[in-house]
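Participant: Please find my_file_24.tsv (TSV, C-alpha atoms) on the next line:
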chain	number	residue	atom	x	y	z
A	1	MET	CA	-2.43	-6.83	1.66
A	2	PHE	CA	-2.01	-4.60	4.72
A	3	SER	CA	-5.17	-4.12	6.74
A	4	ASN	CA	-4.32	-1.23	9.08
A	5	VAL	CA	-2.31	1.49	7.35
A	6	VAL	CA	-1.12	4.82	8.74
A	7	VAL	CA	-0.03	7.44	6.21
A	8	GLY	CA	2.26	10.24	7.40
A	9	ILE	CA	1.07	13.56	5.99
A	10	ASP	CA	3.19	16.70	5.97
A	11	ASP	CA	2.70	20.18	4.54
A	12	ASP	CA	4.75	19.31	1.45
A	13	GLU	CA	4.25	16.96	-1.50
A	14	GLY	CA	5.57	13.89	0.27
A	15	GLY	CA	2.21	13.23	1.87
A	16	ARG	CA	0.49	13.03	-1.51
A	17	ASP	CA	3.11	10.55	-2.71
A	18	ALA	CA	2.59	8.49	0.46
A	19	ILE	CA	-1.18	8.35	-0.06
A	20	ALA	CA	-0.70	7.11	-3.63
A	21	LEU	CA	1.54	4.28	-2.41
A	22	ALA	CA	-0.78	3.45	0.50
A	23	LYS	CA	-3.70	3.05	-1.91
A	24	LEU	CA	-1.67	0.50	-3.86
A	25	LEU	CA	-0.50	-1.54	-0.86
A	26	ALA	CA	-3.60	-1.44	1.35
A	27	ALA	CA	-6.16	-4.22	1.22
A	28	GLY	CA	-9.52	-3.36	-0.30
A	29	ASP	CA	-11.18	-3.22	3.11
A	30	ALA	CA	-8.18	-1.78	4.94
A	31	ASN	CA	-8.46	0.65	7.80
A	32	LEU	CA	-6.67	3.74	6.43
A	33	THR	CA	-5.53	6.62	8.63
A	34	LEU	CA	-4.09	9.93	7.43
A	35	ALA	CA	-2.01	11.41	10.22
A	36	GLN	CA	0.16	14.39	10.92
A	37	VAL	CA	2.69	14.61	13.72
A	38	TYR	CA	3.23	18.16	14.90
A	39	GLN	CA	6.05	19.47	17.05
A	40	GLY	CA	4.85	19.54	20.66
A	41	ASP	CA	4.78	17.71	23.98
A	42	SER	CA	2.92	17.90	27.25
A	43	ALA	CA	5.14	20.65	28.64
A	44	VAL	CA	4.64	22.81	25.56
A	45	SER	CA	0.91	22.12	25.62
A	46	ARG	CA	0.64	23.35	29.19
A	47	ARG	CA	2.27	26.64	28.20
A	48	SER	CA	0.16	27.02	25.06
A	49	SER	CA	-3.11	28.89	25.15
A	50	PRO	CA	-6.28	26.94	24.34
A	51	ASP	CA	-6.81	29.31	21.42
A	52	TYR	CA	-3.40	28.50	19.93
A	53	GLU	CA	-3.98	24.77	20.33
A	54	ALA	CA	-7.41	25.01	18.73
A	55	LYS	CA	-6.07	26.96	15.74
A	56	GLN	CA	-3.25	24.48	15.24
A	57	HIS	CA	-5.61	21.54	15.34
A	58	ASP	CA	-8.03	23.27	12.97
A	59	ARG	CA	-5.19	23.86	10.49
A	60	ILE	CA	-4.11	20.23	10.62
A	61	ARG	CA	-7.67	18.96	10.30
A	62	GLU	CA	-8.24	21.15	7.26
A	63	LEU	CA	-5.01	19.91	5.66
A	64	LEU	CA	-5.91	16.28	6.26
A	65	GLU	CA	-9.45	16.77	4.99
A	66	ASN	CA	-8.07	18.33	1.80
A	67	ARG	CA	-5.61	15.47	1.27
A	68	ARG	CA	-8.37	12.92	1.82
A	69	ALA	CA	-10.69	14.66	-0.64
A	70	GLU	CA	-7.94	14.99	-3.26
A	71	ALA	CA	-7.11	11.29	-3.02
A	72	GLY	CA	-10.74	10.20	-3.03
A	73	VAL	CA	-10.22	7.76	-0.16
A	74	GLN	CA	-12.12	6.83	2.95
A	75	ALA	CA	-9.78	7.43	5.85
A	76	HIS	CA	-9.67	8.35	9.50
A	77	LEU	CA	-7.85	11.59	10.34
A	78	ARG	CA	-5.43	11.81	13.25
A	79	TRP	CA	-3.02	14.39	14.62
A	80	TYR	CA	-0.46	13.77	17.31
A	81	GLY	CA	1.94	16.00	19.23
A	82	SER	CA	5.48	14.79	19.80
A	83	PRO	CA	8.94	16.30	20.39
A	84	SER	CA	10.06	14.79	17.07
A	85	VAL	CA	8.40	13.58	13.90
A	86	GLY	CA	10.08	10.18	13.97
A	87	ARG	CA	9.15	9.47	17.58
A	88	GLY	CA	5.59	10.61	16.98
A	89	LEU	CA	5.19	8.33	13.97
A	90	HIS	CA	6.51	5.40	15.95
A	91	GLU	CA	4.13	6.05	18.84
A	92	LEU	CA	1.18	6.68	16.56
A	93	ALA	CA	1.78	3.39	14.75
A	94	GLU	CA	1.75	1.64	18.13
A	95	LEU	CA	-1.38	3.43	19.31
A	96	THR	CA	-3.33	2.58	16.18
A	97	GLY	CA	-2.08	-1.01	15.92
A	98	ALA	CA	-0.80	-0.31	12.40
A	99	ASP	CA	0.77	-3.05	10.31
A	100	LEU	CA	2.13	-0.54	7.79
A	101	LEU	CA	3.36	3.03	8.01
A	102	VAL	CA	3.73	4.91	4.71
A	103	VAL	CA	5.72	8.11	4.24
A	104	GLY	CA	6.97	10.21	1.35
A	105	SER	CA	10.60	10.93	0.59
A	106	SER	CA	10.46	14.64	-0.16
A	107	ARG	CA	13.65	16.18	1.16
A	108	ARG	CA	11.71	19.12	2.55
A	109	GLY	CA	8.85	16.97	3.76
A	110	LEU	CA	8.26	14.32	6.36
A	111	LEU	CA	11.02	11.84	5.64
A	112	GLY	CA	13.41	14.69	4.89
A	113	ARG	CA	12.89	16.01	8.40
A	114	VAL	CA	13.32	12.54	9.87
A	115	LEU	CA	16.59	12.02	8.01
A	116	ILE	CA	17.97	15.45	8.83
A	117	GLY	CA	16.73	16.36	12.26
A	118	ASP	CA	15.39	13.39	14.20
A	119	ASP	CA	17.74	12.22	16.93
A	120	THR	CA	15.33	10.08	18.94
A	121	ARG	CA	17.05	6.80	18.21
A	122	ALA	CA	15.89	5.04	21.37
A	123	ALA	CA	12.24	5.84	20.67
A	124	LEU	CA	12.45	4.45	17.13
A	125	ASN	CA	14.12	1.13	17.91
A	126	GLY	CA	11.69	-1.75	17.60
A	127	ALA	CA	9.07	0.13	15.60
A	128	PRO	CA	5.97	-2.05	15.51
A	129	CYS	CA	5.30	-2.27	11.80
A	130	ALA	CA	6.76	-2.22	8.33
A	131	VAL	CA	7.47	1.10	6.63
A	132	ALA	CA	6.90	1.91	2.98
A	133	ILE	CA	8.68	4.89	1.43
A	134	ALA	CA	7.26	6.53	-1.67
A	135	PRO	CA	9.81	8.22	-3.96
A	136	ALA	CA	9.37	11.90	-4.70
A	137	GLY	CA	6.82	12.45	-7.43
A	138	TYR	CA	5.32	8.98	-7.08
A	139	ARG	CA	1.76	10.33	-7.21
A	140	ARG	CA	2.39	11.40	-10.81
A	141	GLU	CA	3.43	7.89	-11.87
A	142	PRO	CA	0.95	5.21	-12.96
A	143	ALA	CA	0.02	3.12	-9.92
A	144	LEU	CA	0.97	-0.18	-11.55
A	145	MET	CA	2.43	-3.28	-9.98
A	146	ARG	CA	4.08	-5.39	-12.65
A	147	GLU	CA	7.07	-6.80	-10.79
A	148	VAL	CA	7.95	-7.06	-7.11
A	149	GLY	CA	11.62	-7.34	-6.23
A	150	VAL	CA	13.34	-8.34	-3.01
A	151	GLY	CA	16.86	-7.87	-1.73
A	152	TYR	CA	18.03	-11.35	-0.83
A	153	ASP	CA	21.21	-12.68	0.75
A	154	GLY	CA	20.05	-15.83	2.53
A	155	SER	CA	19.81	-14.15	5.94
A	156	PRO	CA	16.70	-14.65	8.11
A	157	GLU	CA	15.73	-11.02	7.45
A	158	SER	CA	15.88	-11.46	3.70
A	159	LYS	CA	13.94	-14.73	3.87
A	160	ARG	CA	11.11	-12.98	5.70
A	161	ALA	CA	11.27	-10.14	3.18
A	162	LEU	CA	10.87	-12.75	0.45
A	163	GLU	CA	7.80	-14.15	2.23
A	164	LEU	CA	6.14	-10.77	2.20
A	165	ALA	CA	7.21	-10.07	-1.39
A	166	ARG	CA	5.58	-13.35	-2.43
A	167	MET	CA	2.34	-12.27	-0.74
A	168	VAL	CA	2.36	-8.87	-2.45
A	169	ALA	CA	3.15	-10.40	-5.85
A	170	ALA	CA	0.37	-12.98	-5.46
A	171	GLU	CA	-2.20	-10.35	-4.50
A	172	HIS	CA	-1.30	-8.14	-7.46
A	173	HIS	CA	-0.74	-11.04	-9.89
A	174	THR	CA	2.73	-9.81	-10.75
A	175	ARG	CA	6.15	-11.26	-11.43
A	176	LEU	CA	8.51	-11.83	-8.51
A	177	SER	CA	12.27	-11.49	-8.65
A	178	ALA	CA	15.11	-11.41	-6.15
A	179	PHE	CA	18.55	-9.81	-6.27
A	180	GLN	CA	21.79	-10.50	-4.43
A	181	ALA	CA	24.85	-8.29	-4.58
A	182	ILE	CA	28.21	-10.01	-4.15
A	183	SER	CA	30.95	-7.99	-2.46
A	184	THR	CA	34.53	-9.20	-2.48
A	185	PRO	CA	38.06	-7.83	-1.78
A	186	ALA	CA	38.64	-4.12	-1.36
A	187	TYR	CA	40.52	-3.29	-4.54
A	188	PRO	CA	37.94	-4.58	-7.00
A	189	TYR	CA	35.22	-3.18	-4.75
A	190	LEU	CA	36.85	0.25	-5.10
A	191	GLY	CA	36.58	0.09	-8.86
A	192	TYR	CA	39.85	-1.54	-9.86
A	193	LEU	CA	38.39	-4.81	-11.06
A	194	GLU	CA	40.83	-4.88	-13.93
A	195	ALA	CA	43.66	-5.13	-11.41
A	196	ALA	CA	42.41	-8.45	-10.08
A	197	ALA	CA	44.26	-11.59	-11.10
A	198	PRO	CA	42.48	-13.90	-13.55
A	199	VAL	CA	41.92	-16.49	-10.83
A	200	GLU	CA	40.26	-13.85	-8.63
A	201	LEU	CA	38.06	-12.68	-11.50
A	202	ALA	CA	37.01	-16.24	-12.08
A	203	SER	CA	36.17	-16.56	-8.39
A	204	ILE	CA	33.99	-13.44	-8.55
A	205	HIS	CA	32.09	-14.71	-11.57
A	206	HIS	CA	31.68	-18.07	-9.87
A	207	GLU	CA	30.20	-16.44	-6.74
A	208	VAL	CA	27.75	-14.44	-8.84
A	209	ASP	CA	26.67	-17.57	-10.70
A	210	GLU	CA	26.22	-19.43	-7.42
A	211	ALA	CA	24.08	-16.59	-6.05
A	212	ARG	CA	21.79	-16.82	-9.08
A	213	GLU	CA	21.53	-20.58	-8.64
A	214	ARG	CA	20.62	-20.21	-4.95
A	215	ILE	CA	17.85	-17.76	-5.80
A	216	ALA	CA	16.59	-19.88	-8.69
A	217	ALA	CA	16.34	-22.82	-6.28
A	218	LEU	CA	13.80	-20.86	-4.23
A	219	GLY	CA	11.23	-21.52	-6.94
A	220	ASP	CA	8.84	-19.07	-8.67
A	221	VAL	CA	11.47	-16.32	-8.29
A	222	GLU	CA	13.39	-14.79	-11.18
A	223	PRO	CA	17.06	-14.73	-10.09
A	224	HIS	CA	19.38	-11.74	-10.37
A	225	ALA	CA	22.86	-11.23	-8.98
A	226	ALA	CA	25.78	-8.92	-9.61
A	227	TYR	CA	29.15	-8.02	-8.20
A	228	GLY	CA	29.51	-4.66	-6.46
A	229	ASP	CA	28.39	-2.44	-3.60
A	230	PRO	CA	25.02	-3.77	-2.35
A	231	VAL	CA	23.28	-0.40	-2.29
A	232	GLU	CA	24.57	0.68	-5.68
A	233	GLU	CA	23.58	-2.62	-7.26
A	234	LEU	CA	20.18	-2.69	-5.53
A	235	THR	CA	19.58	0.87	-6.74
A	236	VAL	CA	20.18	-0.21	-10.33
A	237	TYR	CA	17.96	-3.24	-9.80
A	238	SER	CA	15.20	-1.06	-8.29
A	239	ALA	CA	14.79	0.71	-11.62
A	240	SER	CA	13.46	-2.55	-13.10
A	241	VAL	CA	10.82	-3.32	-10.44
A	242	ASP	CA	7.74	-1.54	-9.10
A	243	LEU	CA	8.34	-2.30	-5.41
A	244	LEU	CA	11.55	-3.28	-3.63
A	245	VAL	CA	11.22	-5.21	-0.37
A	246	VAL	CA	14.15	-5.39	2.06
A	247	GLY	CA	14.64	-6.60	5.61
A	248	SER	CA	16.45	-4.73	8.35
A	249	ARG	CA	18.52	-5.92	11.26
A	250	GLY	CA	18.27	-4.66	14.80
A	251	TYR	CA	16.46	-1.37	14.46
A	252	GLY	CA	12.97	-0.36	13.49
A	253	PRO	CA	12.55	0.99	9.96
A	254	PHE	CA	13.21	4.60	10.79
A	255	GLY	CA	16.11	3.61	13.03
A	256	ARG	CA	17.66	1.98	9.99
A	257	VAL	CA	16.71	4.86	7.71
A	258	VAL	CA	18.15	7.50	10.02
A	259	TYR	CA	21.17	5.75	11.42
A	260	GLY	CA	22.75	3.86	8.59
A	261	GLY	CA	22.87	0.61	6.72
A	262	VAL	CA	21.45	-0.54	3.45
A	263	ALA	CA	17.91	0.69	4.19
A	264	GLN	CA	19.15	4.20	4.91
A	265	ARG	CA	20.99	4.54	1.64
A	266	LEU	CA	18.27	2.86	-0.37
A	267	ALA	CA	15.72	5.30	1.04
A	268	ARG	CA	17.68	8.04	-0.70
A	269	THR	CA	18.59	6.23	-3.92
A	270	ALA	CA	15.91	3.64	-4.75
A	271	ARG	CA	14.11	4.34	-8.02
A	272	CYS	CA	10.88	2.67	-6.93
A	273	PRO	CA	8.89	2.47	-3.69
A	274	LEU	CA	10.78	0.79	-0.85
A	275	LEU	CA	9.16	-1.52	1.71
A	276	VAL	CA	11.34	-2.04	4.81
A	277	LEU	CA	10.60	-4.81	7.29
A	278	THR	CA	11.60	-4.45	10.92
A	279	ARG	CA	12.21	-7.11	13.50
A	280	SER	CA	8.75	-6.43	14.94
A	281	ALA	CA	7.20	-6.38	11.47
A	282	ARG	CA	8.33	-9.96	10.98
A	283	THR	CA	5.86	-11.03	13.67
A	284	VAL	CA	3.20	-8.93	11.93
A	285	LEU	CA	3.74	-11.03	8.78
A	286	ASP	CA	1.72	-13.87	10.23
A	287	GLU	CA	-1.02	-11.45	11.27
A	288	VAL	CA	-1.15	-10.05	7.75
A	289	ALA	CA	-1.44	-13.53	6.31
A	290	GLN	CA	-4.34	-14.38	8.63
A	291	ALA	CA	-5.89	-10.89	8.71
A	292	THR	CA	-5.96	-10.95	12.49
A	293	VAL	CA	-5.22	-7.45	13.69
A	294	ASP	CA	-8.44	-6.91	15.64
A	295	GLN	CA	-6.80	-7.14	19.03
A	296	GLY	CA	-4.14	-4.57	18.18
A	297	GLU	CA	-6.77	-2.21	16.80
A	298	GLN	CA	-8.86	-2.50	19.94
A	299	VAL	CA	-5.94	-1.77	22.25
A	300	GLY	CA	-4.81	1.11	20.05
A	301	GLY	CA	-8.32	2.52	19.94
A	302	ASN	CA	-8.57	2.69	23.71
A	303	LEU	CA	-5.34	4.65	23.90
A	304	LEU	CA	-6.28	6.84	20.96
A	305	ASP	CA	-9.28	8.17	22.80
A	306	ARG	CA	-6.93	9.68	25.34
A	307	ALA	CA	-3.86	10.58	23.29
A	308	VAL	CA	-4.64	11.54	19.71
A	309	GLY	CA	-6.71	14.21	18.03
A	310	ALA	CA	-9.19	12.62	15.66
A	311	HIS	CA	-11.75	13.53	13.05
A	312	ASP	CA	-13.50	10.94	10.89
Since I need it in another form, could you write the structure as structure tokens?
Facilitator:
Amino acid sequence: MFSNVVVGIDDDEGGRDAIALAKLLAAGDANLTLAQVYQGDSAVSRRSSPDYEAKQHDRIRELLENRRAEAGVQAHLRWYGSPSVGRGLHELAELTGADLLVVGSSRRGLLGRVLIGDDTRAALNGAPCAVAIAPAGYRREPALMREVGVGYDGSPESKRALELARMVAAEHHTRLSAFQAISTPAYPYLGYLEAAAPVELASIHHEVDEARERIAALGDVEPHAAYGDPVEELTVYSASVDLLVVGSRGYGPFGRVVYGGVAQRLARTARCPLLVLTRSARTVLDEVAQATVDQGEQVGGNLLDRAVGAHD
């Protein structure tokens, strides 16, 4: 599916979960990179002794080598200094020409640090690839793909998410379904549905039925729809699928995860792996379909020689 995948590795369990998800989503001949972003920038590096830098890089290389051996994968190893984890991941994805960035959701691990402490919003906007988030403990679950789900509301973002979900489902020979949550007036939304007048209840049911019909009209997609808060309903729906694909508006994937919106909340509540498409990732969709990422890899490789620690 994805041909150039970067996996964010931390010192916690999230990195192992991310590798397990990357193995499932990556194409058979994919270029896989295990990477760690460490806290540092050029000013810090100038003040650091060569011995300290060497020890830090040796520690990271050993960690990445161990993770690679545990997972039994062929992968490049990269380490990259940045003032923040989120910014470093964004830059590393650009430098390597990645079409997918995979992270774990451990609260103490990589994504936990991004959610809690990363304030580099400007650096994350327009991230160049899709981001997949593995739920905590994912490595212990069977790596099966039986049904791919997509959050759908008819928007351009959700239509592109459906395109990618179709591609994933076709590659894994799985079922494909789509879900739309219908939100209506405030008082039923707040949990007082019984207070709504019969005509309003009928309107709600009618909207839900129409949503199912719109999804069914897409063809080869099992339709689902429900009334309620979109994130809460998508969370329930995520328990019935093996991968949930959603689009995002405006920001790159981590921008959405860190700064709000459906993707942010789903990253904390989804009961299956989450694949978030960014505005830039929508252009990558065509490259994925045609397997034409050679130019991006070449440009990234030239920059990598100068910017990133590597060990293959």
Participant: Enter the distance from atom CA of Thr278 of chain A to atom CA of Cys129 of chain A, in Å, rounded to one decimal.
Facilitator: 6.7 Å
Participant: Need to verify the contact set: Gly8 of chain A, 8 Å, only C-alpha atoms, exclusion of same-chain residues closer than 3 positions in sequence. Can you return it as a list of chain:residue names?
Facilitator: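 These residues fall inside the cut-off: A:Gly15, A:Ala18, A:Leu34, A:Ala35, A:Gln36, A:Val37, A:Leu89, A:Leu101, A:Val102, A:Val103, A:Gly104, A:Leu110.
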Participant: Neighbours of segment 215-231 of chain A within 9 Å (all atoms listed in the file; same-chain residues fewer than 5 positions away dropped), as a ChimeraX atom specification?
Facilitator: /A:152-154,166,175-184,188-191,204-205,207-210,236-237,262-263,265-266,269-270
Participant: Under the rule that all atoms listed in the file are counted, which of A:Arg87, A:Arg214, A:His206, A:Arg16 is the nearest residue to Leu64 of chain A?
Facilitator: A:Arg16
Participant: Between A:Ser155, A:Arg146, A:Ala93, A:Pro128, which is the closest to Ala281 of chain A once you count only C-alpha atoms?
Facilitator: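 Distance minimum relative to Ala281 of chain A lands on A:Pro128.
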Participant: Around the point (11.3, 19.3, 18.5), in the coordinates given by the file, pick out the residues reaching within 7 Å, counting only C-alpha atoms, and return them as a PyMOL selection string.
Facilitator: chain A and resi 39-40+83-84
Participant: Out of A:Arg268, A:Arg140, A:Arg59, A:Arg279, which residue has the shortest atom-to-atom distance to Arg160 of chain A when counting only C-alpha atoms?
Facilitator: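 When distances to Arg160 of chain A are compared using only C-alpha atoms, the smallest one comes from A:Arg279.
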Participant: Could you check which of A:Leu24, A:Ala69, A:Ala202, A:Leu274 is closest to Thr235 of chain A, using all atoms listed in the file?
Facilitator: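 Smallest distance to Thr235 of chain A is found for A:Leu274.
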Participant: Using all atoms listed in the file for the distances, tell me which of A:Glu171, A:Ala130, A:Asp58, A:Gly151 is nearest to Gly28 of chain A.
Facilitator: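 Looking at the shortest contact to Gly28 of chain A, the residue is A:Glu171.
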Participant: If you measure from atom CA of Ala211 of chain A to atom CA of Gly149 of chain A, what distance in Å do you get, rounded to one decimal?
Facilitator: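 Separating atom CA of Ala211 of chain A from atom CA of Gly149 of chain A is a distance of 15.5 Å.
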Participant: Rank nothing, just name the residue among A:Leu100, A:Glu91, A:Ala30, A:Tyr80 nearest to Val6 of chain A, using only C-alpha atoms.
Facilitator: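 So, comparing all the options, the nearest one is A:Leu100.
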Participant: Env of Leu244 of chain A: 7 Å cut, atoms = all atoms listed in the file, seq-sep filter 4 positions within chain, self excluded. Answer as a PyMOL selection string.
Facilitator: chain A and resi 148-150+238+272-275
Participant: Provide the atom CA of Ala169 of chain A to atom CA of Met1 of chain A distance in Å, to one decimal place.
Facilitator: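 Interatomic distance, atom CA of Ala169 of chain A to atom CA of Met1 of chain A: 10.0 Å.
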Participant: Do a neighbour search on Arg61 of chain A at 10 Å with only C-alpha atoms, toss out local chain neighbours closer than 3 positions, and write the hits as a list in words.
Facilitator: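 In the requested format, the answer is Ala35, Gln36, Lys55, Gln56, His57, Asp58, Leu64, Glu65, Asn66, Arg67, Leu77, Arg78, Trp79, Gly309, Ala310, His311 and Asp312 of chain A.
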Participant: Please, can segment 273-283 of chain A be completed to all heavy atoms and returned as an mmCIF file, in the coordinates of the input?
Facilitator:
data_model
loop_
_atom_site.group_PDB
_atom_site.id
_atom_site.type_symbol
_atom_site.label_atom_id
_atom_site.label_comp_id
_atom_site.auth_asym_id
_atom_site.auth_seq_id
_atom_site.Cartn_x
_atom_site.Cartn_y
_atom_site.Cartn_z
ATOM 1 N N PRO A 273 9.253 2.517 -5.106
ATOM 2 C CA PRO A 273 8.890 2.470 -3.690
ATOM 3 C C PRO A 273 9.678 1.385 -2.949
ATOM 4 O O PRO A 273 9.965 0.324 -3.490
ATOM 5 C CB PRO A 273 7.393 2.155 -3.725
ATOM 6 C CG PRO A 273 6.929 2.688 -5.035
ATOM 7 C CD PRO A 273 8.067 2.440 -5.985
ATOM 8 N N LEU A 274 9.981 1.691 -1.692
ATOM 9 C CA LEU A 274 10.780 0.790 -0.850
ATOM 10 C C LEU A 274 9.923 0.344 0.328
ATOM 11 O O LEU A 274 9.310 1.170 1.006
ATOM 12 C CB LEU A 274 12.027 1.515 -0.364
ATOM 13 C CG LEU A 274 13.015 0.727 0.498
ATOM 14 C CD1 LEU A 274 13.695 -0.361 -0.337
ATOM 15 C CD2 LEU A 274 14.070 1.668 1.093
ATOM 16 N N LEU A 275 9.880 -0.963 0.569
ATOM 17 C CA LEU A 275 9.160 -1.520 1.710
ATOM 18 C C LEU A 275 10.188 -2.159 2.639
ATOM 19 O O LEU A 275 10.862 -3.115 2.265
ATOM 20 C CB LEU A 275 8.139 -2.551 1.246
ATOM 21 C CG LEU A 275 7.331 -3.274 2.331
ATOM 22 C CD1 LEU A 275 6.581 -2.283 3.213
ATOM 23 C CD2 LEU A 275 6.361 -4.261 1.696
ATOM 24 N N VAL A 276 10.322 -1.598 3.854
ATOM 25 C CA VAL A 276 11.340 -2.040 4.810
ATOM 26 C C VAL A 276 10.659 -2.798 5.946
ATOM 27 O O VAL A 276 9.743 -2.281 6.590
ATOM 28 C CB VAL A 276 12.118 -0.843 5.384
ATOM 29 C CG1 VAL A 276 13.221 -1.332 6.324
ATOM 30 C CG2 VAL A 276 12.719 -0.003 4.258
ATOM 31 N N LEU A 277 11.120 -4.017 6.194
ATOM 32 C CA LEU A 277 10.600 -4.810 7.290
ATOM 33 C C LEU A 277 11.489 -4.662 8.517
ATOM 34 O O LEU A 277 12.711 -4.707 8.413
ATOM 35 C CB LEU A 277 10.547 -6.296 6.910
ATOM 36 C CG LEU A 277 9.563 -6.684 5.822
ATOM 37 C CD1 LEU A 277 9.612 -8.186 5.604
ATOM 38 C CD2 LEU A 277 8.167 -6.237 6.175
ATOM 39 N N THR A 278 10.869 -4.524 9.664
ATOM 40 C CA THR A 278 11.600 -4.450 10.920
ATOM 41 C C THR A 278 11.526 -5.784 11.629
ATOM 42 O O THR A 278 10.807 -6.689 11.237
ATOM 43 C CB THR A 278 10.984 -3.389 11.835
ATOM 44 O OG1 THR A 278 9.693 -3.851 12.223
ATOM 45 C CG2 THR A 278 10.858 -2.063 11.112
ATOM 46 N N ARG A 279 12.272 -5.893 12.712
ATOM 47 C CA ARG A 279 12.210 -7.110 13.500
ATOM 48 C C ARG A 279 10.796 -7.342 14.020
ATOM 49 O O ARG A 279 10.280 -8.459 14.016
ATOM 50 C CB ARG A 279 13.196 -7.024 14.669
ATOM 51 C CG ARG A 279 13.265 -8.268 15.518
ATOM 52 C CD ARG A 279 14.494 -8.255 16.387
ATOM 53 N NE ARG A 279 15.710 -8.341 15.602
ATOM 54 C CZ ARG A 279 16.936 -8.334 16.118
ATOM 55 N NH1 ARG A 279 17.082 -8.234 17.419
ATOM 56 N NH2 ARG A 279 17.994 -8.415 15.345
ATOM 57 N N SER A 280 10.135 -6.300 14.479
ATOM 58 C CA SER A 280 8.750 -6.430 14.940
ATOM 59 C C SER A 280 7.823 -6.740 13.784
ATOM 60 O O SER A 280 6.859 -7.496 13.939
ATOM 61 C CB SER A 280 8.303 -5.141 15.634
ATOM 62 O OG SER A 280 9.058 -4.901 16.791
ATOM 63 N N ALA A 281 8.076 -6.157 12.625
ATOM 64 C CA ALA A 281 7.200 -6.380 11.470
ATOM 65 C C ALA A 281 7.225 -7.830 11.042
ATOM 66 O O ALA A 281 6.276 -8.307 10.447
ATOM 67 C CB ALA A 281 7.608 -5.487 10.304
ATOM 68 N N ARG A 282 8.290 -8.552 11.349
ATOM 69 C CA ARG A 282 8.330 -9.960 10.980
ATOM 70 C C ARG A 282 7.259 -10.749 11.730
ATOM 71 O O ARG A 282 6.728 -11.712 11.227
ATOM 72 C CB ARG A 282 9.721 -10.536 11.249
ATOM 73 C CG ARG A 282 10.725 -10.062 10.232
ATOM 74 C CD ARG A 282 12.057 -10.744 10.450
ATOM 75 N NE ARG A 282 13.078 -9.715 10.558
ATOM 76 C CZ ARG A 282 13.867 -9.577 11.602
ATOM 77 N NH1 ARG A 282 13.764 -10.367 12.631
ATOM 78 N NH2 ARG A 282 14.774 -8.642 11.616
ATOM 79 N N THR A 283 6.945 -10.362 12.957
ATOM 80 C CA THR A 283 5.860 -11.030 13.670
ATOM 81 C C THR A 283 4.508 -10.609 13.096
ATOM 82 O O THR A 283 3.556 -11.377 13.120
ATOM 83 C CB THR A 283 5.898 -10.693 15.167
ATOM 84 O OG1 THR A 283 5.669 -9.294 15.348
ATOM 85 C CG2 THR A 283 7.239 -11.054 15.766
#
